[in-house]
Amino acid sequence: MRLKNKVAIITGAGTGIGEAIAHKFAREGARLVLSGLPADPVPDVADAITKAGGRAAIHLGDVAEDSQAQACVALAIHTFGSLDILVSNAGIFIANAATEDYRIEDFDRTVRNNIRTAFLMTKFALPHLQTSRGNIIFTGSEAGLNGSPRFTPYGGSKGFLHAFMKGVALEQAPHGVRANCVCPGAIDTAWTRGADSPIDPAEQAGIDAMVPLGRRGTPEEIANIFAFLASDEASYVTGALWLADGGVTPAKSDIGARLPAELRRPPHGALTLTHSHDGLRGKDVYRAPG
Ligand SMILES: NC(=O)c1ccc[n+]([C@@H]2O[C@H](COP(=O)([O-])OP(=O)(O)OC[C@H]3O[C@@H](n4cnc5c(N)ncnc54)[C@H](O)[C@@H]3O)[C@@H](O)[C@H]2O)c1
């Protein structure tokens, strides 16, 4: 119970990594505000948590809108009286095209949903986090460090978050507020597997071979890092980029492809997740030819 009685907002909590963070935080004793777009299965996740004895309020709205980001923070204060943790995890990955073919509307959507969401949520959460001496964790990306061909605006949006987080960490240290970033590599959600993914199905099959650990990460493996960083166990960690990419960043070859199958199997995990691959359902995903 590392987060007992802490109040946490998790954005993008209906699917994928956010769903796993929600379940993990609930198990660690946190009281939650789960936020997602109106069509996201956030009520379903909240329901599962409530049935298991946890507490989860629901915010449905686009947190790239000032009023919705403000309403999300207000819901936490109204429901639980305080705010200890902001998990700024909402994001999109909706286009696959060389930069010269990348549609301007997809660039704008990426900036809006990956950057504006994080800025607004941070802005409105900070006064409350200063009171509680709380912390913020952003979901960055390996792509924010290394760049990502055919997904250049996506990688750029995550690079923004990394630098934004460091600035916030330095600026807010005098208020006792920590800020960190988890930077996943390829995780097994709708983004890297299935018909909704912008990654071509033939290329999806090759992802694991590029990873020295021989496989995608699970949402639960990422949620475990969030739980640590959010907790008082991480009291000396701020301004950190926590890479969790199976070794992709320092990799120099297709080490993963050479691993025995037994070492490429993901762990069983303890969380029951039902929306790992629902994050792109109904969204306009663009895959340019070639
Ligand atoms: N899956 C990966 O391989 C991977 C790798 C690195 C980083 N990440 C990061 O992890 C986070 C979660 O990704 P995921 O793979 O779980 O995908 P996902 O699509 O399952 O989850 C993202 C969620 O955010 C929600 N969302 C998007 N824009 C929103 C907005 N404006 N307001 C409210 N909710 C919004 C989506 O509807 C979705 O439910 C993202 O920030 C992503 O950049 C994912």
# chains A, B, ... in the order shown; residues from 1 in each chain; ligands from 1
>>> residues_near_ligand(ligand="ligand 1", cutoff="8 Å", atoms="only C-alpha atoms and all ligand atoms", output="PyMOL selection string")
chain A and resi 11-19+35-37+39-41+60-65+88-93+112-114+117+138-143+154+158+183-192+216+219+275-280
>>> select_by_dssp(residues="stretch 147-271 of chain A", states="strand (DSSP E)", output="PyMOL selection string")
chain A and resi 178-184+241-244
>>> residues_around(residues="stretch 232-236 of chain A", least_positions_apart="5", cutoff="9 Å", atoms="only C-alpha atoms", output="PyMOL selection string")
chain A and resi 2-3+178
>>> write_last_selection(atoms="N, CA and C atoms", output="tab-separated table (two decimals), in the first residue's frame")
chain	number	residue	atom	x	y	z
A	2	ARG	N	1.66	1.40	-1.06
A	2	ARG	CA	2.62	2.51	-1.11
A	2	ARG	C	1.96	3.86	-1.33
A	3	LEU	N	0.68	3.83	-1.79
A	3	LEU	CA	0.00	5.11	-2.08
A	3	LEU	C	-1.24	5.27	-1.21
A	178	ARG	N	7.75	17.22	-6.70
A	178	ARG	CA	8.65	16.49	-7.61
A	178	ARG	C	7.97	16.33	-8.97
>>> residues_around(residues="stretch 253-261 of chain A", least_positions_apart="4", cutoff="12 Å", atoms="only C-alpha atoms", output="VMD selection string")
chain A and resid 205 to 216 246 to 249 265 to 266
>>> closest_residue(among="A:Phe228, A:Tyr102, A:Phe25, A:Trp242", to="A:Phe151", atoms="only C-alpha atoms")
A:Tyr102
>>> atom_distance(atom1="atom CA of A:Ala69", atom2="atom CA of A:His175")
21.9 Å
>>> residues_around(residues="A:Ala52", least_positions_apart="6", cutoff="10 Å", atoms="only C-alpha atoms", output="list in words")
His23, Ala26, Arg27 and Ala46 of chain A
>>> atom_distance(atom1="atom CA of A:Ile49", atom2="atom CA of A:Glu28")
11.7 Å
>>> residues_around(residues="A:Leu129", least_positions_apart="2", cutoff="8 Å", atoms="only C-alpha atoms", output="PDB file with C-alpha atoms, in the first residue's frame")
ATOM      1  CA  LEU A  83      -4.515  16.226  -4.720  1.00  0.00           C
ATOM      2  CA  ASP A  84      -1.193  14.394  -4.242  1.00  0.00           C
ATOM      3  CA  ILE A  85      -0.310  12.961  -7.650  1.00  0.00           C
ATOM      4  CA  ALA A 125      -2.851  20.812 -10.642  1.00  0.00           C
ATOM      5  CA  LEU A 126       0.232  22.668  -9.356  1.00  0.00           C
ATOM      6  CA  PRO A 127      -1.426  24.919  -6.750  1.00  0.00           C
ATOM      7  CA  THR A 131      -0.195  22.362  -0.811  1.00  0.00           C
ATOM      8  CA  SER A 132       0.217  18.590  -0.526  1.00  0.00           C
ATOM      9  CA  ARG A 133       3.907  18.518  -1.552  1.00  0.00           C
ATOM     10  CA  GLY A 134       2.889  16.097  -4.229  1.00  0.00           C
ATOM     11  CA  ASN A 135       4.335  14.995  -7.533  1.00  0.00           C
ATOM     12  CA  VAL A 177       6.826  19.187  -5.631  1.00  0.00           C
TER      13      VAL A 177
END
>>> select_by_dssp(residues="stretch 23-139 of chain A", states="alpha helix (DSSP H)", output="PyMOL selection string")
chain A and resi 23-27+42-51+66-80+104-111+117-132
>>> residues_around(residues="A:Thr238", least_positions_apart="5", cutoff="7 Å", atoms="only C-alpha atoms", output="NGL selection string")
:A and (169 or 178-180)
>>> write_last_selection(atoms="C-alpha atoms", output="PDB file, in the first residue's frame")
ATOM      1  CA  ALA A 169      10.992  19.832 -11.543  1.00  0.00           C
ATOM      2  CA  ARG A 178       8.648  16.488  -7.609  1.00  0.00           C
ATOM      3  CA  ALA A 179       8.249  15.877 -11.359  1.00  0.00           C
ATOM      4  CA  ASN A 180       9.446  12.907 -13.396  1.00  0.00           C
TER       5      ASN A 180
END
